[in-house]
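Read through the structure below, which is laid out as structure tokens, and then see the notes.
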Amino acid sequence: MSLSAIILLILVVFVAILAYAWTRPDTFAVQRSLTIAASPEKLFPFINDFNKWPDWSPYEHRDPNMKRTIGGAPYGKGATYAWEGNKNVGKGRMEILDSQSPSAITIKLDFEQPFEAHNVAEFTLQPVAGGTNVTWAMRGPASFMTKLIGSFINMDRMVGKDFEAGLAKLKDVVKS
């Protein structure tokens with residue numbers, strides 16, 4: 001195969017990848033649920049108060065030197081949490097936009113580093129036989145770069161794994 005044919009083949013593959021990324025959805029959503037043997041009233045404070053997130057969040061221990069700033073309201077609507085850390089945690093800010101005890105919490109989630117993104121995270125707590133079904137969901141716009149990265153990396157699987165770990169840790173914390 002000649003050099004020009006190889007270059008042409010590489011160019012065709014590159015354009016095909018870009019075209020595929022362009023056709024991907026303009027939004028994304030990740031969601032995981034777990035039933036925890038506790039009442040919504042017992043679980044709700046662990047999610048509604050950013051001071052309690054170090055007990056269960058899967059992102060809290062990825063950088064032992066991460067800087068955290070908790071502000072705004074002490075918990076619930078208006079509470080804020082900013083972080084800045086290494087490449088594993090980046091930099092960003094969360095704010096609780098809505099808090100409906102003991103069933104739902106909506107959080108504005110803004111990432112600054114390693115990339116800019118503006119998403120919404122939602123926690124819902126639904127009483128079921130044997131406890132509470134806790135759902136952790138995140139949704140937001142998918143930029144072209146997000147679509148391109150998503151062509152190679154399954155974001156649902158990657159972020160979903162973190163949500164599963166966090167929900168499992170929440171379950172353990174509530175049991176103790």
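Residue numbering restarts at 1 in every chain; chains get A, B, ... in the order shown in the structure tokens, and ligands count up from 1 in that same order.
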*Run DSSP on the backbone of this structure and report the residues of chain A it assigns to strand (DSSP E or B), as a ChimeraX atom specification.*
/A:27-36,67-72,79-84,91-100,104-113,117-128,131-141
_I'd like the contact shell of Asp98 (chain A) - 10 Å cut-off, only C-alpha atoms, skipping same-chain residues fewer than 5 positions apart - returned as number ranges by chain._
A: 48, 76-79, 104-108, 122
Could you write out the selected residues, including all heavy atoms, as a PDB file, in the first residue's frame?
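As written to disk, out25.pdb reads:
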```
ATOM      1  N   ASN A  48     -28.389  15.466  51.779  1.00  0.00           N
ATOM      2  CA  ASN A  48     -28.815  16.861  51.847  1.00  0.00           C
ATOM      3  C   ASN A  48     -27.801  17.777  52.541  1.00  0.00           C
ATOM      4  O   ASN A  48     -27.945  18.993  52.491  1.00  0.00           O
ATOM      5  CB  ASN A  48     -30.165  16.927  52.580  1.00  0.00           C
ATOM      6  CG  ASN A  48     -30.896  18.206  52.382  1.00  0.00           C
ATOM      7  OD1 ASN A  48     -31.040  18.687  51.261  1.00  0.00           O
ATOM      8  ND2 ASN A  48     -31.380  18.778  53.463  1.00  0.00           N
ATOM      9  N   GLY A  76     -29.337  21.576  52.679  1.00  0.00           N
ATOM     10  CA  GLY A  76     -30.527  21.824  51.879  1.00  0.00           C
ATOM     11  C   GLY A  76     -30.336  22.931  50.863  1.00  0.00           C
ATOM     12  O   GLY A  76     -29.201  23.269  50.489  1.00  0.00           O
ATOM     13  N   LYS A  77     -31.451  23.490  50.422  1.00  0.00           N
ATOM     14  CA  LYS A  77     -31.429  24.510  49.372  1.00  0.00           C
ATOM     15  C   LYS A  77     -30.486  25.645  49.747  1.00  0.00           C
ATOM     16  O   LYS A  77     -30.538  26.186  50.839  1.00  0.00           O
ATOM     17  CB  LYS A  77     -32.835  25.056  49.141  1.00  0.00           C
ATOM     18  CG  LYS A  77     -32.913  26.015  47.984  1.00  0.00           C
ATOM     19  CD  LYS A  77     -34.328  26.440  47.694  1.00  0.00           C
ATOM     20  CE  LYS A  77     -34.330  27.398  46.504  1.00  0.00           C
ATOM     21  NZ  LYS A  77     -35.693  27.764  46.134  1.00  0.00           N
ATOM     22  N   GLY A  78     -29.589  25.956  48.789  1.00  0.00           N
ATOM     23  CA  GLY A  78     -28.619  27.026  48.991  1.00  0.00           C
ATOM     24  C   GLY A  78     -27.276  26.571  49.522  1.00  0.00           C
ATOM     25  O   GLY A  78     -26.318  27.348  49.534  1.00  0.00           O
ATOM     26  N   ALA A  79     -27.161  25.316  49.956  1.00  0.00           N
ATOM     27  CA  ALA A  79     -25.865  24.793  50.410  1.00  0.00           C
ATOM     28  C   ALA A  79     -24.939  24.652  49.206  1.00  0.00           C
ATOM     29  O   ALA A  79     -25.369  24.264  48.120  1.00  0.00           O
ATOM     30  CB  ALA A  79     -26.039  23.454  51.111  1.00  0.00           C
ATOM     31  N   ALA A 104     -36.450  14.057  47.713  1.00  0.00           N
ATOM     32  CA  ALA A 104     -35.729  14.471  46.503  1.00  0.00           C
ATOM     33  C   ALA A 104     -34.774  15.626  46.778  1.00  0.00           C
ATOM     34  O   ALA A 104     -35.079  16.517  47.574  1.00  0.00           O
ATOM     35  CB  ALA A 104     -36.717  14.881  45.414  1.00  0.00           C
ATOM     36  N   ILE A 105     -33.635  15.583  46.100  1.00  0.00           N
ATOM     37  CA  ILE A 105     -32.626  16.643  46.174  1.00  0.00           C
ATOM     38  C   ILE A 105     -32.129  16.880  44.752  1.00  0.00           C
ATOM     39  O   ILE A 105     -31.777  15.926  44.047  1.00  0.00           O
ATOM     40  CB  ILE A 105     -31.448  16.246  47.087  1.00  0.00           C
ATOM     41  CG1 ILE A 105     -31.956  16.001  48.512  1.00  0.00           C
ATOM     42  CG2 ILE A 105     -30.361  17.318  47.071  1.00  0.00           C
ATOM     43  CD1 ILE A 105     -31.015  15.200  49.360  1.00  0.00           C
ATOM     44  N   THR A 106     -32.096  18.147  44.337  1.00  0.00           N
ATOM     45  CA  THR A 106     -31.601  18.522  43.019  1.00  0.00           C
ATOM     46  C   THR A 106     -30.377  19.398  43.200  1.00  0.00           C
ATOM     47  O   THR A 106     -30.420  20.376  43.964  1.00  0.00           O
ATOM     48  CB  THR A 106     -32.670  19.273  42.204  1.00  0.00           C
ATOM     49  OG1 THR A 106     -33.832  18.446  42.109  1.00  0.00           O
ATOM     50  CG2 THR A 106     -32.166  19.619  40.818  1.00  0.00           C
ATOM     51  N   ILE A 107     -29.300  19.054  42.508  1.00  0.00           N
ATOM     52  CA  ILE A 107     -28.016  19.739  42.662  1.00  0.00           C
ATOM     53  C   ILE A 107     -27.527  20.247  41.315  1.00  0.00           C
ATOM     54  O   ILE A 107     -27.489  19.499  40.334  1.00  0.00           O
ATOM     55  CB  ILE A 107     -26.964  18.784  43.264  1.00  0.00           C
ATOM     56  CG1 ILE A 107     -27.424  18.310  44.649  1.00  0.00           C
ATOM     57  CG2 ILE A 107     -25.587  19.446  43.327  1.00  0.00           C
ATOM     58  CD1 ILE A 107     -26.571  17.191  45.232  1.00  0.00           C
ATOM     59  N   LYS A 108     -27.139  21.516  41.287  1.00  0.00           N
ATOM     60  CA  LYS A 108     -26.455  22.081  40.116  1.00  0.00           C
ATOM     61  C   LYS A 108     -24.986  21.693  40.259  1.00  0.00           C
ATOM     62  O   LYS A 108     -24.360  21.942  41.290  1.00  0.00           O
ATOM     63  CB  LYS A 108     -26.618  23.602  40.108  1.00  0.00           C
ATOM     64  CG  LYS A 108     -25.911  24.288  38.975  1.00  0.00           C
ATOM     65  CD  LYS A 108     -26.094  25.802  39.090  1.00  0.00           C
ATOM     66  CE  LYS A 108     -25.267  26.503  38.034  1.00  0.00           C
ATOM     67  NZ  LYS A 108     -25.180  27.934  38.302  1.00  0.00           N
ATOM     68  N   GLU A 122     -29.493  14.523  40.515  1.00  0.00           N
ATOM     69  CA  GLU A 122     -30.734  14.367  41.264  1.00  0.00           C
ATOM     70  C   GLU A 122     -30.684  13.089  42.078  1.00  0.00           C
ATOM     71  O   GLU A 122     -30.245  12.047  41.586  1.00  0.00           O
ATOM     72  CB  GLU A 122     -31.927  14.319  40.313  1.00  0.00           C
ATOM     73  CG  GLU A 122     -32.124  15.593  39.543  1.00  0.00           C
ATOM     74  CD  GLU A 122     -33.168  15.479  38.441  1.00  0.00           C
ATOM     75  OE1 GLU A 122     -33.134  14.474  37.687  1.00  0.00           O
ATOM     76  OE2 GLU A 122     -33.987  16.389  38.354  1.00  0.00           O
TER      77      GLU A 122
END
```
*asked:* When you look at Thr69 (chain A) with a cut-off of 8 Å (counting only C-alpha atoms), what residues show up, excluding the ones that are within fewer than 6 positions of it in the same chain? I need them as a list in words.
replied: Thr80, Tyr81, Ala82 and Trp83 of chain A
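Every protein, DNA or RNA residue with an atom at most 9 Å from region 27-31 of chain A, where only C-alpha atoms count and chain neighbours fewer than 2 positions away do not, is listed here: Arg24, Pro25, Ser33, Thr135, Trp136, Ala137, Met138, Arg139, Gly140, Pro141, Ala142, Ser143, Met155, Asp156, Arg157, Val159, Gly160 and Phe163 of chain A.
The space between CA of Ser99 (chain A) and CA of Pro114 (chain A) spans 28.5 Å.
Closest approach to Val134 (chain A) among A:Thr23, A:Ser39, A:Asn119, A:Ser4 is made by A:Ser39 (distances from only C-alpha atoms).
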*In region 28-140 of chain A, DSSP helix (DSSP H, G or I) residues written as number ranges by chain*: A: 40-48, 50-55
*So, counting only C-alpha atoms, which residue among A:Thr146, A:Asn88, A:Asn133, A:Ser57 is closest to Ala21 (chain A)?*
A:Thr146
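Residues in contact range of Val89 (chain A), defined as at most 10 Å between only C-alpha atoms, with sequence neighbours fewer than 3 positions away removed, read Tyr59, Glu60, His61, Arg62, Asp63, Met66, Trp83, Glu84, Gly85, Asn86, Gly92, Phe111, Gln113 and Pro114 of chain A.
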Atoms to include: C-alpha atoms. Write the selected residues as a compact mmCIF listing (two decimals), in the first residue's frame.
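Saved the output as out08.txt:
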```
# COMPACT_ATOMS: atom_id res chain seq x y z
CA TYR A 59 -15.06 11.15 44.83
CA GLU A 60 -13.97 12.26 48.30
CA HIS A 61 -10.87 10.12 48.66
CA ARG A 62 -9.36 10.26 45.19
CA ASP A 63 -7.10 13.14 46.24
CA MET A 66 -8.22 18.02 47.80
CA TRP A 83 -13.54 21.45 45.38
CA GLU A 84 -10.13 21.66 43.79
CA GLY A 85 -7.78 18.75 43.49
CA ASN A 86 -5.54 16.64 41.32
CA GLY A 92 -15.81 22.41 40.39
CA PHE A 111 -17.09 21.33 36.50
CA GLN A 113 -11.39 21.25 35.28
CA PRO A 114 -10.31 18.99 33.64
```
*Separation of CA of Lys91 (chain A) and CA of Ala117 (chain A), in Å?*
10.8 Å
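Comparing the minimum interatomic distances between Arg93 (chain A) and each of A:Trp22, A:Phe50, A:Phe123, A:Tyr75, counting only C-alpha atoms, we find that A:Phe50 sits nearest.
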Would you pick out the contacts of Gly131 (chain A) at 7 Å or less, using only C-alpha atoms, so that residues sharing its chain but fewer than 4 positions from it are not included, and give the list as an mmCIF file with all heavy atoms, in the first residue's frame?
```cif
data_model
loop_
_atom_site.group_PDB
_atom_site.id
_atom_site.type_symbol
_atom_site.label_atom_id
_atom_site.label_comp_id
_atom_site.auth_asym_id
_atom_site.auth_seq_id
_atom_site.Cartn_x
_atom_site.Cartn_y
_atom_site.Cartn_z
ATOM 1 N N THR A 35 -31.573 -0.307 46.558
ATOM 2 C CA THR A 35 -32.489 -0.339 47.692
ATOM 3 C C THR A 35 -31.675 -0.509 48.961
ATOM 4 O O THR A 35 -30.839 -1.412 49.056
ATOM 5 C CB THR A 35 -33.516 -1.481 47.536
ATOM 6 O OG1 THR A 35 -34.284 -1.215 46.357
ATOM 7 C CG2 THR A 35 -34.442 -1.545 48.737
ATOM 8 N N ILE A 36 -31.902 0.395 49.899
ATOM 9 C CA ILE A 36 -31.176 0.418 51.170
ATOM 10 C C ILE A 36 -32.171 0.193 52.296
ATOM 11 O O ILE A 36 -33.238 0.819 52.330
ATOM 12 C CB ILE A 36 -30.428 1.768 51.346
ATOM 13 C CG1 ILE A 36 -29.416 1.950 50.201
ATOM 14 C CG2 ILE A 36 -29.744 1.830 52.707
ATOM 15 C CD1 ILE A 36 -28.704 3.290 50.195
ATOM 16 N N ALA A 37 -31.809 -0.679 53.225
ATOM 17 C CA ALA A 37 -32.691 -1.036 54.338
ATOM 18 C C ALA A 37 -32.683 0.069 55.392
ATOM 19 O O ALA A 37 -32.140 -0.093 56.487
ATOM 20 C CB ALA A 37 -32.272 -2.376 54.938
ATOM 21 N N ALA A 38 -33.271 1.191 55.035
ATOM 22 C CA ALA A 38 -33.404 2.325 55.955
ATOM 23 C C ALA A 38 -34.524 3.205 55.415
ATOM 24 O O ALA A 38 -34.844 3.164 54.222
ATOM 25 C CB ALA A 38 -32.100 3.112 56.039
ATOM 26 N N SER A 39 -35.082 4.006 56.282
ATOM 27 C CA SER A 39 -36.169 4.886 55.858
ATOM 28 C C SER A 39 -35.612 6.087 55.092
ATOM 29 O O SER A 39 -34.442 6.462 55.266
ATOM 30 C CB SER A 39 -36.932 5.396 57.082
ATOM 31 O OG SER A 39 -36.107 6.288 57.823
ATOM 32 N N PRO A 127 -39.803 5.181 49.184
ATOM 33 C CA PRO A 127 -40.030 4.064 50.108
ATOM 34 C C PRO A 127 -40.504 2.820 49.340
ATOM 35 O O PRO A 127 -41.344 2.921 48.446
ATOM 36 C CB PRO A 127 -41.139 4.563 51.034
ATOM 37 C CG PRO A 127 -41.308 6.014 50.763
ATOM 38 C CD PRO A 127 -40.712 6.295 49.429
#
```
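Counting only C-alpha atoms, the residue from A:Met158, A:Leu148, A:Leu43, A:Glu164 that sits nearest to Ala19 (chain A) is A:Leu148.
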